[in-house]
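Structure file upload-v7.csv; described as CSV, N, CA and C atoms.
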```csv
chain,number,residue,atom,x,y,z
A,1,MET,N,-17.2,-40.9,0.7
A,1,MET,CA,-16.7,-40.0,1.8
A,1,MET,C,-16.7,-38.6,1.3
A,2,THR,N,-17.3,-37.7,2.1
A,2,THR,CA,-17.4,-36.3,1.7
A,2,THR,C,-16.2,-35.6,2.3
A,3,ALA,N,-15.7,-34.6,1.5
A,3,ALA,CA,-14.6,-33.8,1.9
A,3,ALA,C,-15.0,-32.9,3.1
A,4,ALA,N,-14.0,-32.7,4.0
A,4,ALA,CA,-14.3,-31.8,5.1
A,4,ALA,C,-14.3,-30.4,4.6
A,5,VAL,N,-15.2,-29.6,5.1
A,5,VAL,CA,-15.2,-28.2,4.8
A,5,VAL,C,-14.4,-27.4,5.8
A,6,ALA,N,-13.5,-26.6,5.3
A,6,ALA,CA,-12.7,-25.8,6.2
A,6,ALA,C,-13.5,-24.8,7.0
A,7,SER,N,-13.4,-24.7,8.3
A,7,SER,CA,-14.1,-23.8,9.1
A,7,SER,C,-13.5,-22.4,8.9
A,8,PRO,N,-14.3,-21.4,8.9
A,8,PRO,CA,-13.7,-20.0,8.8
A,8,PRO,C,-12.8,-19.6,10.0
A,9,PRO,N,-11.8,-18.8,9.7
A,9,PRO,CA,-11.0,-18.3,10.8
A,9,PRO,C,-11.9,-17.6,11.9
A,10,ARG,N,-11.6,-17.8,13.1
A,10,ARG,CA,-12.4,-17.2,14.2
A,10,ARG,C,-12.6,-15.7,14.1
A,11,CYS,N,-11.7,-15.0,13.5
A,11,CYS,CA,-11.8,-13.6,13.4
A,11,CYS,C,-12.6,-13.0,12.3
A,12,LEU,N,-13.2,-13.9,11.5
A,12,LEU,CA,-14.0,-13.5,10.4
A,12,LEU,C,-15.5,-14.0,10.5
A,13,SER,N,-16.4,-13.1,10.3
A,13,SER,CA,-17.8,-13.5,10.4
A,13,SER,C,-18.2,-14.3,9.2
A,14,ASN,N,-19.3,-15.1,9.2
A,14,ASN,CA,-19.7,-15.8,8.0
A,14,ASN,C,-20.0,-14.9,6.9
A,15,ALA,N,-20.5,-13.7,7.1
A,15,ALA,CA,-20.8,-12.7,6.0
A,15,ALA,C,-19.5,-12.3,5.4
A,16,HIS,N,-18.5,-12.1,6.2
A,16,HIS,CA,-17.2,-11.6,5.6
A,16,HIS,C,-16.5,-12.8,4.9
A,17,VAL,N,-16.6,-14.0,5.4
A,17,VAL,CA,-16.1,-15.2,4.7
A,17,VAL,C,-16.8,-15.3,3.3
A,18,GLU,N,-18.1,-15.1,3.2
A,18,GLU,CA,-18.8,-15.1,1.9
A,18,GLU,C,-18.3,-14.0,1.0
A,19,LEU,N,-18.2,-12.8,1.6
A,19,LEU,CA,-17.7,-11.6,0.8
A,19,LEU,C,-16.3,-11.9,0.2
A,20,LEU,N,-15.4,-12.5,0.9
A,20,LEU,CA,-14.1,-12.9,0.4
A,20,LEU,C,-14.2,-14.0,-0.7
A,21,ARG,N,-15.1,-15.0,-0.4
A,21,ARG,CA,-15.3,-16.1,-1.3
A,21,ARG,C,-15.8,-15.6,-2.7
A,22,VAL,N,-16.8,-14.7,-2.7
A,22,VAL,CA,-17.3,-14.2,-3.9
A,22,VAL,C,-16.3,-13.4,-4.7
A,23,ARG,N,-15.3,-12.8,-4.0
A,23,ARG,CA,-14.3,-12.0,-4.6
A,23,ARG,C,-13.0,-12.8,-5.0
A,24,GLY,N,-13.1,-14.1,-4.7
A,24,GLY,CA,-12.0,-15.0,-5.1
A,24,GLY,C,-10.8,-14.9,-4.2
A,25,ILE,N,-11.0,-14.4,-2.9
A,25,ILE,CA,-9.9,-14.3,-2.0
A,25,ILE,C,-9.9,-15.5,-1.1
A,26,PRO,N,-8.8,-16.3,-1.1
A,26,PRO,CA,-8.8,-17.5,-0.3
A,26,PRO,C,-8.7,-17.2,1.2
A,27,LEU,N,-9.4,-18.0,2.0
A,27,LEU,CA,-9.4,-17.7,3.4
A,27,LEU,C,-8.0,-17.8,4.1
A,28,ASP,N,-7.1,-18.6,3.6
A,28,ASP,CA,-5.8,-18.7,4.1
A,28,ASP,C,-5.0,-17.4,3.8
A,29,LEU,N,-5.2,-16.8,2.7
A,29,LEU,CA,-4.6,-15.5,2.4
A,29,LEU,C,-5.2,-14.4,3.2
A,30,ALA,N,-6.5,-14.4,3.4
A,30,ALA,CA,-7.1,-13.4,4.3
A,30,ALA,C,-6.6,-13.5,5.7
A,31,GLU,N,-6.5,-14.7,6.2
A,31,GLU,CA,-6.0,-15.0,7.5
A,31,GLU,C,-4.5,-14.5,7.6
A,32,ALA,N,-3.7,-14.8,6.6
A,32,ALA,CA,-2.3,-14.4,6.6
A,32,ALA,C,-2.2,-12.9,6.6
A,33,ALA,N,-3.1,-12.2,6.0
A,33,ALA,CA,-3.1,-10.7,5.9
A,33,ALA,C,-3.6,-10.1,7.2
A,34,GLY,N,-4.2,-10.9,8.0
A,34,GLY,CA,-4.7,-10.4,9.3
A,34,GLY,C,-6.1,-9.7,9.2
A,35,LEU,N,-6.9,-10.0,8.1
A,35,LEU,CA,-8.2,-9.4,8.0
A,35,LEU,C,-9.1,-9.9,9.2
A,36,GLN,N,-10.0,-9.1,9.7
A,36,GLN,CA,-10.9,-9.5,10.7
A,36,GLN,C,-12.2,-8.7,10.7
A,37,SER,N,-13.2,-9.4,11.2
A,37,SER,CA,-14.5,-8.7,11.3
A,37,SER,C,-14.5,-7.8,12.5
A,38,ALA,N,-15.1,-6.7,12.4
A,38,ALA,CA,-15.1,-5.7,13.5
A,38,ALA,C,-16.5,-5.0,13.6
A,39,ASP,N,-16.9,-4.8,14.8
A,39,ASP,CA,-18.1,-4.1,15.1
A,39,ASP,C,-17.8,-2.6,15.1
A,40,GLY,N,-18.8,-1.7,15.2
A,40,GLY,CA,-18.6,-0.3,15.2
A,40,GLY,C,-17.6,0.2,16.2
A,41,THR,N,-17.5,-0.4,17.3
A,41,THR,CA,-16.6,0.0,18.4
A,41,THR,C,-15.2,-0.3,18.0
A,42,LEU,N,-14.9,-1.5,17.5
A,42,LEU,CA,-13.6,-1.9,17.1
A,42,LEU,C,-13.2,-1.1,15.8
A,43,VAL,N,-14.1,-0.8,14.9
A,43,VAL,CA,-13.8,0.0,13.7
A,43,VAL,C,-13.3,1.4,14.2
A,44,ALA,N,-14.0,2.0,15.1
A,44,ALA,CA,-13.5,3.3,15.7
A,44,ALA,C,-12.1,3.2,16.3
A,45,LYS,N,-11.9,2.1,17.0
A,45,LYS,CA,-10.6,1.9,17.7
A,45,LYS,C,-9.5,1.8,16.7
A,46,VAL,N,-9.6,1.0,15.7
A,46,VAL,CA,-8.5,0.8,14.7
A,46,VAL,C,-8.3,2.0,13.9
A,47,LEU,N,-9.3,2.8,13.7
A,47,LEU,CA,-9.2,4.1,12.9
A,47,LEU,C,-8.8,5.3,13.7
A,48,GLY,N,-8.7,5.1,15.0
A,48,GLY,CA,-8.3,6.2,15.9
A,48,GLY,C,-9.4,7.2,16.2
A,49,ARG,N,-10.7,6.7,16.1
A,49,ARG,CA,-11.8,7.6,16.4
A,49,ARG,C,-12.3,7.5,17.8
A,50,SER,N,-12.9,8.5,18.3
A,50,SER,CA,-13.3,8.5,19.7
A,50,SER,C,-14.7,7.9,19.9
A,51,GLU,N,-15.6,8.0,18.9
A,51,GLU,CA,-16.9,7.5,18.9
A,51,GLU,C,-17.1,6.2,18.0
A,52,PRO,N,-18.0,5.3,18.4
A,52,PRO,CA,-18.2,4.1,17.6
A,52,PRO,C,-18.7,4.5,16.2
A,53,VAL,N,-18.4,3.7,15.2
A,53,VAL,CA,-18.9,4.0,13.9
A,53,VAL,C,-20.2,3.3,13.7
A,54,TRP,N,-21.0,3.9,12.8
A,54,TRP,CA,-22.4,3.4,12.5
A,54,TRP,C,-22.5,2.0,12.0
A,55,SER,N,-21.4,1.4,11.5
A,55,SER,CA,-21.5,0.1,10.9
A,55,SER,C,-20.2,-0.7,11.3
A,56,GLY,N,-20.4,-2.0,11.3
A,56,GLY,CA,-19.2,-2.8,11.4
A,56,GLY,C,-18.6,-3.0,10.0
A,57,GLY,N,-17.6,-3.8,10.0
A,57,GLY,CA,-17.0,-4.0,8.7
A,57,GLY,C,-15.8,-5.0,8.7
A,58,LEU,N,-15.2,-5.1,7.6
A,58,LEU,CA,-14.0,-6.0,7.4
A,58,LEU,C,-12.8,-5.1,7.6
A,59,ALA,N,-12.1,-5.3,8.7
A,59,ALA,CA,-10.9,-4.5,9.0
A,59,ALA,C,-9.7,-5.1,8.3
A,60,ILE,N,-8.9,-4.2,7.6
A,60,ILE,CA,-7.8,-4.6,6.8
A,60,ILE,C,-6.5,-3.9,7.3
A,61,PRO,N,-5.6,-4.6,8.0
A,61,PRO,CA,-4.4,-4.0,8.4
A,61,PRO,C,-3.4,-3.8,7.3
A,62,TYR,N,-2.7,-2.7,7.2
A,62,TYR,CA,-1.7,-2.5,6.2
A,62,TYR,C,-0.3,-2.9,6.8
A,63,PRO,N,0.4,-3.8,6.1
A,63,PRO,CA,1.7,-4.2,6.6
A,63,PRO,C,2.7,-3.1,6.6
A,64,GLY,N,3.7,-3.2,7.4
A,64,GLY,CA,4.7,-2.2,7.4
A,64,GLY,C,4.9,-1.6,8.8
A,65,LYS,N,5.7,-0.7,8.9
A,65,LYS,CA,6.1,-0.1,10.2
A,65,LYS,C,5.4,1.2,10.4
A,66,HIS,N,4.1,1.3,10.2
A,66,HIS,CA,3.3,2.5,10.4
A,66,HIS,C,3.0,2.7,11.8
A,67,VAL,N,3.2,3.9,12.3
A,67,VAL,CA,3.0,4.3,13.7
A,67,VAL,C,2.0,5.5,13.7
A,68,PRO,N,0.9,5.3,14.3
A,68,PRO,CA,0.3,4.0,14.8
A,68,PRO,C,0.0,3.1,13.6
A,69,PRO,N,-0.3,1.8,13.9
A,69,PRO,CA,-0.6,0.9,12.8
A,69,PRO,C,-1.7,1.5,11.9
A,70,TYR,N,-1.7,1.2,10.6
A,70,TYR,CA,-2.6,1.7,9.7
A,70,TYR,C,-3.6,0.6,9.3
A,71,TRP,N,-4.9,0.9,9.4
A,71,TRP,CA,-6.0,0.1,9.1
A,71,TRP,C,-7.0,0.8,8.1
A,72,ARG,N,-7.6,0.0,7.2
A,72,ARG,CA,-8.7,0.5,6.4
A,72,ARG,C,-9.8,-0.5,6.6
A,73,VAL,N,-11.1,0.0,6.6
A,73,VAL,CA,-12.2,-0.8,6.9
A,73,VAL,C,-13.2,-0.7,5.8
A,74,ARG,N,-13.6,-1.9,5.3
A,74,ARG,CA,-14.7,-2.0,4.3
A,74,ARG,C,-16.0,-2.2,5.1
A,75,LEU,N,-16.8,-1.1,5.1
A,75,LEU,CA,-18.0,-1.1,5.9
A,75,LEU,C,-19.1,-2.1,5.4
A,76,ASP,N,-19.9,-2.6,6.3
A,76,ASP,CA,-21.0,-3.5,5.9
A,76,ASP,C,-22.2,-2.8,5.4
A,77,SER,N,-22.4,-1.6,5.8
A,77,SER,CA,-23.6,-0.8,5.4
A,77,SER,C,-23.4,0.6,5.3
A,78,GLY,N,-24.3,1.3,4.6
A,78,GLY,CA,-24.2,2.8,4.5
A,78,GLY,C,-23.7,3.1,3.1
A,79,LYS,N,-23.7,4.4,2.8
A,79,LYS,CA,-23.3,4.9,1.4
A,79,LYS,C,-21.8,4.9,1.3
A,80,VAL,N,-21.1,5.1,2.4
A,80,VAL,CA,-19.6,5.1,2.4
A,80,VAL,C,-19.2,3.6,2.4
A,81,ARG,N,-18.3,3.3,1.5
A,81,ARG,CA,-17.8,1.9,1.4
A,81,ARG,C,-16.6,1.6,2.3
A,82,TYR,N,-15.7,2.5,2.2
A,82,TYR,CA,-14.4,2.3,3.0
A,82,TYR,C,-14.2,3.5,3.9
A,83,LEU,N,-13.6,3.2,5.1
A,83,LEU,CA,-13.1,4.3,6.0
A,83,LEU,C,-11.7,4.1,6.3
A,84,CYS,N,-10.9,5.1,6.4
A,84,CYS,CA,-9.5,5.1,6.8
A,84,CYS,C,-9.3,6.1,7.9
A,85,PRO,N,-8.1,6.1,8.5
A,85,PRO,CA,-7.9,7.1,9.5
A,85,PRO,C,-7.9,8.5,8.9
A,86,GLU,N,-8.5,9.5,9.6
A,86,GLU,CA,-8.6,10.8,9.2
A,86,GLU,C,-7.2,11.5,9.3
A,87,GLY,N,-6.9,12.3,8.3
A,87,GLY,CA,-5.6,13.1,8.3
A,87,GLY,C,-4.4,12.3,8.0
A,88,ARG,N,-4.5,11.0,7.6
A,88,ARG,CA,-3.3,10.2,7.3
A,88,ARG,C,-3.3,9.9,5.8
A,89,ALA,N,-2.2,9.9,5.2
A,89,ALA,CA,-2.0,9.5,3.8
A,89,ALA,C,-2.3,8.0,3.7
A,90,ILE,N,-2.9,7.5,2.6
A,90,ILE,CA,-3.2,6.1,2.5
A,90,ILE,C,-1.9,5.5,1.9
A,91,PRO,N,-1.3,4.5,2.6
A,91,PRO,CA,-0.1,3.9,2.1
A,91,PRO,C,-0.5,2.8,1.0
A,92,VAL,N,0.5,2.4,0.3
A,92,VAL,CA,0.3,1.4,-0.7
A,92,VAL,C,0.1,0.1,0.0
A,93,TYR,N,-1.0,-0.7,-0.4
A,93,TYR,CA,-1.2,-2.0,0.3
A,93,TYR,C,-0.5,-3.1,-0.5
A,94,VAL,N,0.3,-3.8,0.2
A,94,VAL,CA,1.1,-4.9,-0.4
A,94,VAL,C,0.6,-6.2,0.4
A,95,PRO,N,-0.2,-7.0,-0.3
A,95,PRO,CA,-0.7,-8.2,0.4
A,95,PRO,C,0.5,-9.2,0.7
A,96,PRO,N,0.2,-10.1,1.6
A,96,PRO,CA,1.2,-11.1,1.9
A,96,PRO,C,1.4,-12.1,0.7
A,97,PRO,N,2.5,-12.7,0.6
A,97,PRO,CA,2.7,-13.6,-0.5
A,97,PRO,C,1.8,-14.8,-0.5
A,98,SER,N,1.3,-15.2,-1.6
A,98,SER,CA,0.4,-16.4,-1.6
A,98,SER,C,1.2,-17.5,-2.3
A,99,GLU,N,0.9,-18.8,-1.9
A,99,GLU,CA,1.6,-19.9,-2.5
A,99,GLU,C,0.8,-20.5,-3.6
```

Would you mind writing the file's structure down as structure tokens?
Amino acid sequence: MTAAVASPPRCLSNAHVELLRVRGIPLDLAEAAGLQSADGTLVAKVLGRSEPVWSGGLAIPYPGKHVPPYWRVRLDSGKVRYLCPEGRAIPVYVPPPSE
């Protein structure tokens, strides 16, 4: 009997699931942290930009009481690897506890 393979969370693309796997980040931890795949329009929205961004990416919410909520995005393509909201200090990221 073969073991069942866990299906990826709906909010993560197969490419992002693979990115996490290669980096040793368990899917349950990524899901608990609220990571999600985002297209250029959603990237712009979570970063507070008015125009869509040239690339989609892996959107990473920062826990805490940030107003508005703070997100950082690891882009899928381009020379820039990460984007964050303009004009805001980058808070310390504290991941959710893992078991």

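The spacing separating atom CA of Leu35 of chain A from atom CA of Cys11 of chain A amounts to 7.7 Å.
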
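Ranking A:Ala33, A:Val67, A:Val22, A:Val73 by their shortest atom-to-atom distance to Val53 of chain A, with only C-alpha atoms included, puts A:Val73 first.
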
*Identify which of the residues A:Glu18, A:Pro26, A:Asp76, A:Pro97 lies closest to Trp54 of chain A, counting all atoms listed in the file when measuring atom-to-atom distances.*
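Among the listed residues, the smallest separation from Trp54 of chain A belongs to A:Asp76.
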
message = Set the distance at 7 Å and use all atoms listed in the file: which residues neighbour Tyr93 of chain A once local chain neighbours fewer than 2 positions away are removed? I'd like the list as a list in words.
response =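 With the cut-off at 7 Å, the set is Tyr62, Pro63, Ile90, Pro91 and Pro95 of chain A.
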
In Å, with one decimal, what is the gap from atom N of Glu86 of chain A to atom CA of Ala32 of chain A?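 Atom CA of Ala32 of chain A lies at a distance of 24.9 Å from atom N of Glu86 of chain A.
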
Report task. Go through segment 20-98 of chain A and collect every residue that DSSP, computed from the backbone, puts in alpha helix (DSSP H); the answer should be as a PyMOL selection string. Result -> chain A and resi 20-22+27-33+40-47
